[in-house]
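Coordinates as given in my_file.txt (compact mmCIF, C-alpha atoms and all ligand atoms):
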# COMPACT_ATOMS: atom_id res chain seq x y z
CA MET A 1 0.00 0.00 0.00
CA LYS A 2 1.33 3.45 -0.95
CA GLN A 3 2.00 5.85 1.91
CA ILE A 4 0.50 9.02 3.29
CA ILE A 5 3.31 11.29 4.44
CA THR A 6 3.03 13.70 7.35
CA PHE A 7 5.91 16.03 8.25
CA GLY A 8 6.09 18.09 11.43
CA GLU A 9 7.07 18.49 15.05
CA VAL A 10 6.33 15.90 17.72
CA LEU A 11 5.52 17.74 20.95
CA MET A 12 4.90 16.63 24.51
CA ARG A 13 1.88 18.20 26.19
CA ILE A 14 2.08 18.69 29.96
CA SER A 15 -1.15 19.51 31.72
CA PRO A 16 -2.56 19.52 35.26
CA ILE A 17 -5.00 16.64 35.71
CA GLY A 18 -8.63 17.55 35.08
CA ASN A 19 -9.50 21.19 34.62
CA LYS A 20 -7.07 22.48 37.22
CA LYS A 21 -4.71 25.40 36.83
CA PHE A 22 -0.99 24.72 37.42
CA ILE A 23 -1.12 26.73 40.64
CA GLN A 24 -3.83 24.46 42.04
CA SER A 25 -2.05 21.22 41.39
CA ASN A 26 1.20 19.30 41.54
CA ALA A 27 -0.11 16.31 39.60
CA VAL A 28 0.29 16.59 35.86
CA GLU A 29 -0.30 14.24 32.95
CA PHE A 30 1.41 14.16 29.59
CA TYR A 31 0.43 13.29 26.04
CA PHE A 32 2.31 13.29 22.76
CA GLY A 33 0.94 15.49 20.00
CA GLY A 34 1.88 17.89 17.25
CA THR A 35 -0.49 18.98 14.53
CA GLU A 36 0.82 16.90 11.64
CA LEU A 37 1.47 13.86 13.85
CA ASN A 38 -2.13 14.01 15.08
CA VAL A 39 -3.24 13.84 11.44
CA GLY A 40 -0.89 10.92 10.76
CA ILE A 41 -2.03 8.86 13.76
CA SER A 42 -5.68 9.45 12.97
CA LEU A 43 -5.14 8.30 9.37
CA ALA A 44 -3.36 5.18 10.64
CA ASN A 45 -6.35 4.51 12.94
CA PHE A 46 -8.58 4.70 9.85
CA GLY A 47 -6.43 1.98 8.26
CA GLY A 48 -3.97 4.10 6.24
CA ASN A 49 -0.29 3.36 5.70
CA VAL A 50 1.34 6.46 7.20
CA LYS A 51 4.93 7.65 7.45
CA HIS A 52 5.68 10.51 9.84
CA ILE A 53 8.86 12.50 9.21
CA SER A 54 10.34 14.65 11.95
CA SER A 55 13.44 15.41 14.00
CA ILE A 56 13.20 14.03 17.53
CA SER A 57 15.55 14.30 20.52
CA ASP A 58 18.12 11.54 20.83
CA ASP A 59 17.35 10.71 24.46
CA PHE A 60 14.93 8.48 26.36
CA ILE A 61 12.08 10.97 25.92
CA GLY A 62 12.67 10.88 22.16
CA ASP A 63 12.79 7.06 22.33
CA THR A 64 9.44 7.11 24.12
CA ALA A 65 7.95 9.41 21.48
CA VAL A 66 9.13 7.08 18.70
CA SER A 67 7.67 4.08 20.58
CA TYR A 68 4.37 5.97 20.81
CA LEU A 69 4.34 6.45 17.01
CA ASN A 70 5.20 2.77 16.52
CA LYS A 71 2.23 1.81 18.69
CA PHE A 72 0.01 3.08 15.84
CA ASP A 73 2.16 1.33 13.20
CA LEU A 74 3.46 4.60 11.80
CA ASP A 75 6.55 4.22 9.62
CA THR A 76 9.26 6.03 11.59
CA SER A 77 12.17 5.08 9.32
CA SER A 78 12.71 8.64 8.02
CA ILE A 79 12.73 10.27 11.46
CA VAL A 80 16.08 11.84 12.33
CA ARG A 81 17.38 12.19 15.87
CA SER A 82 19.34 15.16 17.25
CA SER A 83 20.91 16.32 20.50
CA ARG A 84 18.28 19.09 20.88
CA PRO A 85 15.35 18.46 23.27
CA LEU A 86 11.82 17.44 22.32
CA GLY A 87 9.48 20.46 22.12
CA VAL A 88 7.04 20.81 25.01
CA TYR A 89 3.81 22.69 25.54
CA PHE A 90 1.91 23.44 28.71
CA LEU A 91 -1.87 23.40 28.69
CA GLU A 92 -4.42 24.44 31.28
CA VAL A 93 -7.77 23.00 30.22
CA GLY A 94 -10.61 25.47 30.70
CA ALA A 95 -14.28 24.73 31.34
CA VAL A 96 -17.56 26.47 30.59
CA MET A 97 -16.74 30.23 30.48
CA ARG A 98 -13.03 29.76 31.40
CA PRO A 99 -10.88 29.38 28.25
CA SER A 100 -7.96 26.95 27.95
CA SER A 101 -4.44 28.43 27.86
CA ILE A 102 -1.30 27.18 26.07
CA SER A 103 2.36 28.13 26.47
CA TYR A 104 4.97 26.67 24.08
CA ASN A 105 8.54 25.72 24.91
CA ARG A 106 9.78 24.78 21.44
CA SER A 107 12.08 27.53 20.19
CA HIS A 108 15.28 25.42 20.30
CA SER A 109 13.67 22.03 20.03
CA SER A 110 14.97 19.20 17.90
CA PHE A 111 12.41 19.92 15.16
CA SER A 112 12.78 23.72 15.29
CA GLU A 113 16.47 23.25 14.45
CA ILE A 114 15.90 20.96 11.47
CA VAL A 115 17.68 21.93 8.21
CA PRO A 116 17.19 20.53 4.67
CA SER A 117 20.36 18.39 4.69
CA MET A 118 18.90 16.31 7.57
CA VAL A 119 16.10 14.73 5.46
CA ASN A 120 16.71 12.46 2.47
CA TRP A 121 13.46 13.34 0.67
CA GLU A 122 14.11 10.97 -2.27
CA LYS A 123 14.18 8.04 0.13
CA ALA A 124 11.48 9.41 2.43
CA LEU A 125 8.93 9.84 -0.38
CA GLU A 126 9.83 6.76 -2.44
CA ASN A 127 6.50 5.05 -1.65
CA GLY A 128 4.39 8.19 -1.13
CA LYS A 129 0.99 9.03 -2.63
CA TRP A 130 -0.16 11.91 -0.38
CA PHE A 131 1.73 14.63 1.52
CA HIS A 132 0.10 16.65 4.32
CA TRP A 133 1.62 19.84 5.76
CA THR A 134 0.45 22.67 8.00
CA GLY A 135 1.40 26.31 8.54
CA ILE A 136 2.98 25.46 11.90
CA THR A 137 6.11 23.94 10.32
CA PRO A 138 7.19 27.00 8.26
CA ALA A 139 6.28 29.25 11.23
CA LEU A 140 9.00 27.76 13.43
CA ASN A 141 12.26 28.58 11.68
CA ASN A 142 13.90 29.15 8.30
CA GLY A 143 15.32 25.60 8.46
CA SER A 144 11.92 23.94 8.97
CA HIS A 145 10.44 26.16 6.24
CA GLN A 146 13.19 25.23 3.73
CA THR A 147 13.05 21.53 4.65
CA LEU A 148 9.29 21.49 4.05
CA LEU A 149 9.71 23.35 0.75
CA GLU A 150 12.15 20.72 -0.52
CA GLY A 151 9.76 17.93 0.42
CA LEU A 152 6.81 19.66 -1.26
CA LYS A 153 8.73 20.27 -4.48
CA LEU A 154 9.61 16.60 -4.75
CA ALA A 155 6.12 15.47 -3.75
CA ARG A 156 4.60 17.48 -6.60
CA LYS A 157 7.29 16.34 -9.03
CA LYS A 158 6.29 12.78 -8.18
CA GLY A 159 2.60 13.64 -8.77
CA MET A 160 1.54 13.16 -5.15
CA THR A 161 -1.61 14.82 -3.81
CA VAL A 162 -0.67 17.56 -1.34
CA SER A 163 -3.02 18.84 1.37
CA ALA A 164 -2.34 22.16 3.06
CA ASP A 165 -3.75 23.28 6.39
CA PRO A 166 -2.29 26.80 6.52
CA THR A 167 -3.18 27.33 10.23
CA TYR A 168 -1.93 30.82 10.94
CA ARG A 169 -0.72 31.23 14.55
CA SER A 170 0.46 34.77 15.15
CA GLY A 171 2.33 33.70 18.33
CA LEU A 172 4.76 31.71 16.16
CA TRP A 173 6.53 33.36 13.14
CA LYS A 174 9.23 34.90 15.33
CA TYR A 175 12.24 34.29 13.07
CA GLY A 176 11.76 37.20 10.70
CA GLU A 177 10.01 35.82 7.60
CA ASP A 178 6.65 37.09 6.38
CA ALA A 179 3.88 34.52 7.00
CA LYS A 180 1.80 35.53 3.99
CA GLU A 181 4.73 35.34 1.60
CA VAL A 182 5.98 31.99 2.90
CA LEU A 183 2.53 30.36 3.04
CA SER A 184 1.72 31.61 -0.49
CA GLU A 185 4.90 30.04 -1.83
CA LEU A 186 4.08 26.69 -0.17
CA ILE A 187 0.44 26.67 -1.25
CA ASN A 188 1.62 26.75 -4.85
CA TYR A 189 2.74 23.14 -4.28
CA SER A 190 -0.60 22.03 -2.81
CA THR A 191 -3.80 20.62 -4.31
CA VAL A 192 -6.28 20.39 -1.41
CA PHE A 193 -6.83 23.40 0.88
CA ILE A 194 -8.13 22.62 4.37
CA GLY A 195 -8.91 26.01 5.80
CA GLY A 196 -11.57 28.65 6.11
CA VAL A 197 -12.39 32.20 5.14
CA ASN A 198 -9.97 33.65 7.71
CA GLU A 199 -7.04 31.80 6.17
CA MET A 200 -8.16 32.70 2.64
CA ASN A 201 -8.51 36.39 3.60
CA GLU A 202 -5.02 36.25 5.10
CA LEU A 203 -3.56 34.88 1.85
CA LEU A 204 -5.62 36.97 -0.55
CA GLY A 205 -5.61 40.24 1.40
CA THR A 206 -9.44 40.25 1.22
CA THR A 207 -12.31 40.67 3.70
CA TYR A 208 -14.77 37.94 2.75
CA SER A 209 -17.42 37.21 5.42
CA TYR A 210 -18.39 33.80 6.82
CA SER A 211 -21.50 33.55 4.60
CA ASN A 212 -21.69 30.62 2.19
CA GLU A 213 -21.76 33.04 -0.78
CA ASP A 214 -18.53 34.66 0.40
CA PHE A 215 -16.96 31.27 1.13
CA ILE A 216 -17.60 30.27 -2.50
CA GLU A 217 -16.25 33.59 -3.82
CA ALA A 218 -13.17 33.32 -1.58
CA SER A 219 -12.55 29.73 -2.73
CA LYS A 220 -12.83 30.79 -6.39
CA ALA A 221 -10.42 33.69 -5.83
CA LEU A 222 -8.04 31.31 -4.04
CA MET A 223 -8.10 28.93 -7.01
CA VAL A 224 -7.34 31.82 -9.39
CA LYS A 225 -4.35 32.95 -7.31
CA PHE A 226 -3.17 29.38 -6.63
CA PRO A 227 -4.20 27.32 -9.67
CA SER A 228 -2.86 24.07 -8.19
CA ILE A 229 -5.70 24.11 -5.58
CA GLU A 230 -8.60 21.89 -6.70
CA LYS A 231 -10.75 21.65 -3.55
CA VAL A 232 -11.39 23.70 -0.42
CA PHE A 233 -12.75 22.20 2.83
CA ASP A 234 -13.76 24.41 5.74
CA LYS A 235 -14.92 23.66 9.27
CA ILE A 236 -17.18 26.12 11.08
CA ARG A 237 -17.11 26.09 14.85
CA THR A 238 -19.73 27.85 16.94
CA SER A 239 -18.57 28.13 20.52
CA ILE A 240 -21.34 28.38 23.12
CA ASN A 241 -18.65 28.12 25.80
CA SER A 242 -15.38 26.14 26.44
CA SER A 243 -17.31 22.92 27.04
CA TRP A 244 -20.02 23.19 24.37
CA HIS A 245 -19.37 23.68 20.65
CA LYS A 246 -21.30 23.09 17.45
CA ILE A 247 -19.45 22.16 14.28
CA LYS A 248 -20.26 21.80 10.64
CA ALA A 249 -18.27 21.58 7.43
CA ARG A 250 -18.58 22.98 3.91
CA MET A 251 -16.70 22.58 0.68
CA TRP A 252 -16.16 24.03 -2.78
CA ASN A 253 -14.59 21.66 -5.30
CA GLY A 254 -14.53 23.98 -8.28
CA LEU A 255 -17.93 22.74 -9.44
CA GLU A 256 -20.26 22.52 -6.49
CA PHE A 257 -20.85 23.79 -2.98
CA LYS A 258 -21.95 21.38 -0.22
CA GLU A 259 -22.37 21.70 3.54
CA THR A 260 -23.08 19.27 6.37
CA THR A 261 -25.67 19.58 9.09
CA GLU A 262 -24.42 20.86 12.44
CA LEU A 263 -23.20 18.42 15.11
CA ASP A 264 -23.79 19.48 18.70
CA ILE A 265 -20.93 18.68 21.10
CA THR A 266 -22.44 19.42 24.48
CA HIS A 267 -19.74 18.04 26.84
CA ILE A 268 -16.26 18.52 25.41
CA VAL A 269 -13.64 16.21 26.93
CA ASP A 270 -10.67 17.69 24.99
CA ARG A 271 -10.76 20.01 21.99
CA ILE A 272 -7.01 20.00 21.22
CA GLY A 273 -6.37 18.22 17.93
CA THR A 274 -9.97 18.42 16.68
CA GLY A 275 -8.89 20.44 13.60
CA ASP A 276 -6.31 17.75 12.87
CA ALA A 277 -9.02 15.08 13.22
CA PHE A 278 -11.03 17.05 10.64
CA ALA A 279 -8.05 17.19 8.25
CA ALA A 280 -7.42 13.45 8.66
CA GLY A 281 -11.10 12.72 8.04
CA ILE A 282 -11.04 14.78 4.84
CA ILE A 283 -7.88 13.04 3.59
CA HIS A 284 -9.22 9.57 4.40
CA GLY A 285 -12.53 10.51 2.81
CA LEU A 286 -10.95 11.81 -0.40
CA LEU A 287 -8.86 8.65 -0.66
CA ASN A 288 -11.83 6.33 -0.16
CA PHE A 289 -15.14 8.13 -0.89
CA ASN A 290 -16.47 11.02 -2.99
CA ASP A 291 -16.01 14.72 -2.08
CA ASP A 292 -19.38 14.97 -0.38
CA LYS A 293 -18.83 11.94 1.86
CA ALA A 294 -15.25 13.09 2.54
CA MET A 295 -16.67 16.34 3.95
CA GLU A 296 -19.22 14.45 6.08
CA PHE A 297 -16.53 12.03 7.27
CA GLY A 298 -14.22 14.94 8.20
CA ASN A 299 -16.97 16.62 10.19
CA ALA A 300 -17.88 13.41 12.06
CA ALA A 301 -14.18 12.67 12.75
CA CYS A 302 -13.75 16.16 14.15
CA ALA A 303 -16.82 15.72 16.35
CA ILE A 304 -15.77 12.40 17.88
CA LYS A 305 -12.24 13.70 18.67
CA HIS A 306 -13.82 16.06 21.21
CA THR A 307 -14.59 12.93 23.32
CA TYR A 308 -10.98 11.66 23.71
CA SER A 309 -8.46 13.19 26.10
CA GLY A 310 -5.07 13.97 24.57
CA ASP A 311 -4.14 15.40 21.16
CA VAL A 312 -4.89 12.31 19.10
CA ASN A 313 -8.10 10.95 17.63
CA TYR A 314 -8.50 7.30 18.67
CA ALA A 315 -11.58 6.68 16.51
CA ASN A 316 -11.41 4.10 13.73
CA GLU A 317 -13.27 4.27 10.43
CA LYS A 318 -16.26 2.34 11.81
CA ASP A 319 -16.62 4.73 14.77
CA VAL A 320 -16.72 7.72 12.43
CA LEU A 321 -19.12 6.09 9.98
CA SER A 322 -21.45 5.34 12.88
CA ILE A 323 -21.60 9.08 13.76
CA LEU A 324 -22.23 9.77 10.07
CA GLU A 325 -25.18 7.40 10.18
CA GLY A 326 -26.68 9.49 12.98
CA ASN A 327 -25.68 7.43 16.02
CA VAL A 328 -24.98 10.35 18.32
CA THR A 329 -26.75 9.33 21.52
CA GLY A 330 -23.76 7.39 22.92
CA ARG A 331 -25.92 4.32 23.62
CA LEU A 332 -23.99 1.63 25.49
CA ASN A 333 -22.46 -1.06 23.22
CA ARG A 334 -22.82 -4.57 24.69
O1 LIG B 401 1.51 21.28 16.91
C1 LIG B 401 1.31 22.19 17.70
O2 LIG B 401 1.76 23.34 17.52
C2 LIG B 401 0.53 21.99 18.94
O3 LIG B 401 0.11 22.93 19.52
C3 LIG B 401 0.21 20.60 19.40
C4 LIG B 401 -1.20 20.21 19.29
O4 LIG B 401 -1.20 18.81 19.20
C5 LIG B 401 -1.88 20.82 18.08
O5 LIG B 401 -1.95 22.21 18.20
C6 LIG B 401 -3.26 20.35 17.89
O6 LIG B 401 -3.75 20.93 16.70

Taking this structure as input, can you express it in the form of structure tokens?
Amino acid sequence: MKQIITFGEVLMRISPIGNKKFIQSNAVEFYFGGTELNVGISLANFGGNVKHISSISDDFIGDTAVSYLNKFDLDTSSIVRSSRPLGVYFLEVGAVMRPSSISYNRSHSSFSEIVPSMVNWEKALENGKWFHWTGITPALNNGSHQTLLEGLKLARKKGMTVSADPTYRSGLWKYGEDAKEVLSELINYSTVFIGGVNEMNELLGTTYSYSNEDFIEASKALMVKFPSIEKVFDKIRTSINSSWHKIKARMWNGLEFKETTELDITHIVDRIGTGDAFAAGIIHGLLNFNDDKAMEFGNAACAIKHTYSGDVNYANEKDVLSILEGNVTGRLNR
């Protein structure tokens, strides 16, 4: 089976247990995560053959991270190891009207210091069919930006499908390059855009609203500016409070507009990684179903991720299809 390639940082999340603040607690729990890794693990849980490429610390914490990836049968053969530490982030999980808070400790991490000569892209992509990247990787450093660019160029040369989740995080991008310029360059090597009106406005310098009409116009304008983009998938989140969200998805594939119904997530267990679950659902859907079902599958995958603690979506294909079929009451399985 040909491989889906994900490339990005593996991070450790450290968080007080439950919804406590650090000052309330001395008991913490940890999880492994990282945007692109979350996508990779979710795709493996759906049955995909996934290779994750990264740079990970050459110490026992890095060994543990690699073992975690192996637990999901990810191909870790193109991961490089370095003397720099694994990136860490601290999370306080909010509840109801109290928002969650994140602080990153990743500026000199193993992945932040990656440079193009560390990855043998020819070898890494030899069995690849799909490449997924996000805007986090080029936001970290010039080295991670250039390494990604090399991988994308080769992926397109080999005719692979490339999905882009441009995720713009203003708190990153500290190394002096212009986010809009860099992301525009990288999107030219991408075919599927997983992002919404905000991201499109950022790239196009426009002010489209959230209406469906504006979403279609923004998607058309995006495809004119970046002719390699064939499909746009967007997720709309309505936040009642930290513990209660509603989500739905919509798409423009150059020919038709479709949207899902809204799924009501009344008791969020953990919302970190839900966007990655959406991206993985879209990729799995496009590889196995039609565009419409891919959008529905992405939305259902995003919804069920809210029920698992940690960054990763543990749902398999059957779990997601069951949500799609309307089984949302959580009835006990015996
Ligand atoms: O990858 C990152 O930057 C993270 O913050 C780790 C999380 O797993 C990620 O944000 C979830 O989307």

Item to complete: Find the residues near ligand LIG 401 (chain B). Use a cut-off of 10 Å, count only C-alpha atoms and all ligand atoms, and write them as a PyMOL selection string.
Response: chain A and resi 8-13+31-39+87-91+102-104+106+134-137+139-140+167+169+172+271-277+310-312

Response to the item:
Computed gap from atom CA of A:Gly205 to atom CA of A:Thr238 is 24.4 Å

Fill in: Interatomic distance, atom CA of A:Leu286 to atom CA of A:Ala249 (Å, one decimal)
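Calculated distance between atom CA of A:Leu286 and atom CA of A:Ala249 is 14.5 Å.
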
Worksheet item: So which one's closest to A:Leu183, A:Ser144, A:Phe215, A:Gly62, A:Pro138? Using all atoms listed in the file, please.
Response: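 Between A:Ser144, A:Phe215, A:Gly62, A:Pro138, the residue approaching A:Leu183 most closely is A:Pro138.
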
Worksheet, complete the sentence: Restricting to only C-alpha atoms, whichever of A:Phe7, A:Phe289, A:Tyr314, A:Phe233 is closest to A:Ile114 is A:Phe7

Worksheet entry | Contacts of A:Arg81 within 8 Å, all atoms listed in the file, excl. fewer than 4 positions in-chain, as a ChimeraX atom specification | /A:55-58,62,110

Each residue of stretch 90-192 of chain A lying at most 12 Å from stretch 42-50 of chain A should get a row with its shortest atom-to-atom pair and the distance in Å to one decimal, counting only C-alpha atoms; could you produce that, ordered by chain and increasing number, as CSV?
residue,atom,partner,partner_atom,distance
A:Ala124,CA,A:Val50,CA,11.6
A:Leu125,CA,A:Val50,CA,11.2
A:Asn127,CA,A:Asn49,CA,10.1
A:Gly128,CA,A:Val50,CA,9.0
A:Lys129,CA,A:Asn49,CA,10.2
A:Trp130,CA,A:Val50,CA,9.5
A:Phe131,CA,A:Val50,CA,10.0
A:His132,CA,A:Val50,CA,10.7

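Proximity of A:Leu152, A:Ala300, A:Val192, A:Val96 to A:Thr266, computed with only C-alpha atoms, is greatest for A:Val96.
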
The centre and edge lengths of an axis-aligned box containing all atoms of stretch 165-176 of chain A present in the file, extended by 3 Å on each side, are to be given in Å to one decimal, as JSON.
{"center_x": 4.2, "center_y": 30.2, "center_z": 12.4, "size_x": 22.0, "size_y": 19.9, "size_z": 17.9}

Worksheet item: A:Glu259: which residues within 8 Å, counting all atoms listed in the file, same-chain residues fewer than 6 positions away excluded, as an MDAnalysis selection string?
Response: chainID A and resid 248:251 295

Worksheet item: Just how far from atom CA of A:Thr161 is atom CA of A:Met223, in Å to one decimal?
Response: 15.9 Å

Practice prompt. Return the single residue from A:Val162, A:Ala65, A:Ser54, A:Glu325 that is closest to A:Asn120, with distances computed using only C-alpha atoms.
Written response: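 Among the listed residues, the smallest separation from A:Asn120 belongs to A:Ser54.
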
Worksheet item: When distances are computed from all atoms listed in the file, which of A:Asn241, A:Thr147, A:Asn105, A:Asn142 shows the smallest separation from A:Met118?
Response: A:Thr147

Taking (-15.8, 26.0, 12.5) in the file's coordinates, which residues come within 12 Å, counting only C-alpha atoms, written as a PDB file with C-alpha atoms, in the frame of the given file?
ATOM      1  CA  ILE A 194      -8.130  22.620   4.370  1.00  0.00           C
ATOM      2  CA  GLY A 195      -8.910  26.010   5.800  1.00  0.00           C
ATOM      3  CA  GLY A 196     -11.570  28.650   6.110  1.00  0.00           C
ATOM      4  CA  VAL A 197     -12.390  32.200   5.140  1.00  0.00           C
ATOM      5  CA  ASN A 198      -9.970  33.650   7.710  1.00  0.00           C
ATOM      6  CA  TYR A 210     -18.390  33.800   6.820  1.00  0.00           C
ATOM      7  CA  PHE A 233     -12.750  22.200   2.830  1.00  0.00           C
ATOM      8  CA  ASP A 234     -13.760  24.410   5.740  1.00  0.00           C
ATOM      9  CA  LYS A 235     -14.920  23.660   9.270  1.00  0.00           C
ATOM     10  CA  ILE A 236     -17.180  26.120  11.080  1.00  0.00           C
ATOM     11  CA  ARG A 237     -17.110  26.090  14.850  1.00  0.00           C
ATOM     12  CA  THR A 238     -19.730  27.850  16.940  1.00  0.00           C
ATOM     13  CA  SER A 239     -18.570  28.130  20.520  1.00  0.00           C
ATOM     14  CA  HIS A 245     -19.370  23.680  20.650  1.00  0.00           C
ATOM     15  CA  LYS A 246     -21.300  23.090  17.450  1.00  0.00           C
ATOM     16  CA  ILE A 247     -19.450  22.160  14.280  1.00  0.00           C
ATOM     17  CA  LYS A 248     -20.260  21.800  10.640  1.00  0.00           C
ATOM     18  CA  ALA A 249     -18.270  21.580   7.430  1.00  0.00           C
ATOM     19  CA  ARG A 250     -18.580  22.980   3.910  1.00  0.00           C
ATOM     20  CA  GLU A 259     -22.370  21.700   3.540  1.00  0.00           C
ATOM     21  CA  THR A 260     -23.080  19.270   6.370  1.00  0.00           C
ATOM     22  CA  GLU A 262     -24.420  20.860  12.440  1.00  0.00           C
ATOM     23  CA  LEU A 263     -23.200  18.420  15.110  1.00  0.00           C
ATOM     24  CA  THR A 274      -9.970  18.420  16.680  1.00  0.00           C
ATOM     25  CA  GLY A 275      -8.890  20.440  13.600  1.00  0.00           C
ATOM     26  CA  PHE A 278     -11.030  17.050  10.640  1.00  0.00           C
ATOM     27  CA  GLY A 298     -14.220  14.940   8.200  1.00  0.00           C
ATOM     28  CA  ASN A 299     -16.970  16.620  10.190  1.00  0.00           C
ATOM     29  CA  CYS A 302     -13.750  16.160  14.150  1.00  0.00           C
ATOM     30  CA  ALA A 303     -16.820  15.720  16.350  1.00  0.00           C
TER      31      ALA A 303
END

Item to complete: Considering all atoms listed in the file, state which residue in the set A:Phe30, A:Gly171, A:Ser100, A:Gly40 is at the smallest distance from A:Gly281.
Response: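 Going through A:Phe30, A:Gly171, A:Ser100, A:Gly40 one by one, the smallest distance to A:Gly281 is for A:Gly40.
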
Item to complete: Taking the point (-22.2, 28.5, 0.1) as given in the file, collect each protein or nucleic acid residue that comes within 8 Å of it, counting all atoms listed in the file, and present the set as a VMD selection string.
Response: chain A and resid 211 to 216 250 257 to 259

May I have the residues within 9 Å of A:Trp121 as a tab-separated table (two decimals) with C-alpha atoms, keeping the file's coordinate frame, using all atoms listed in the file and disregarding those fewer than 6 positions away in the same chain?
chain	number	residue	atom	x	y	z
A	78	SER	CA	12.71	8.64	8.02
A	150	GLU	CA	12.15	20.72	-0.52
A	151	GLY	CA	9.76	17.93	0.42
A	154	LEU	CA	9.61	16.60	-4.75
A	155	ALA	CA	6.12	15.47	-3.75

Item to complete: For A:Lys225, please output as a list in words all residues within 12 Å (counting all atoms listed in the file; exclusion window: fewer than 6 positions along the same chain).
Response: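 The residues satisfying every condition are Ser184, Glu185, Ile187, Asn188, Met200, Leu203, Leu204, Gly205, Ala218 and Ser219 of chain A.
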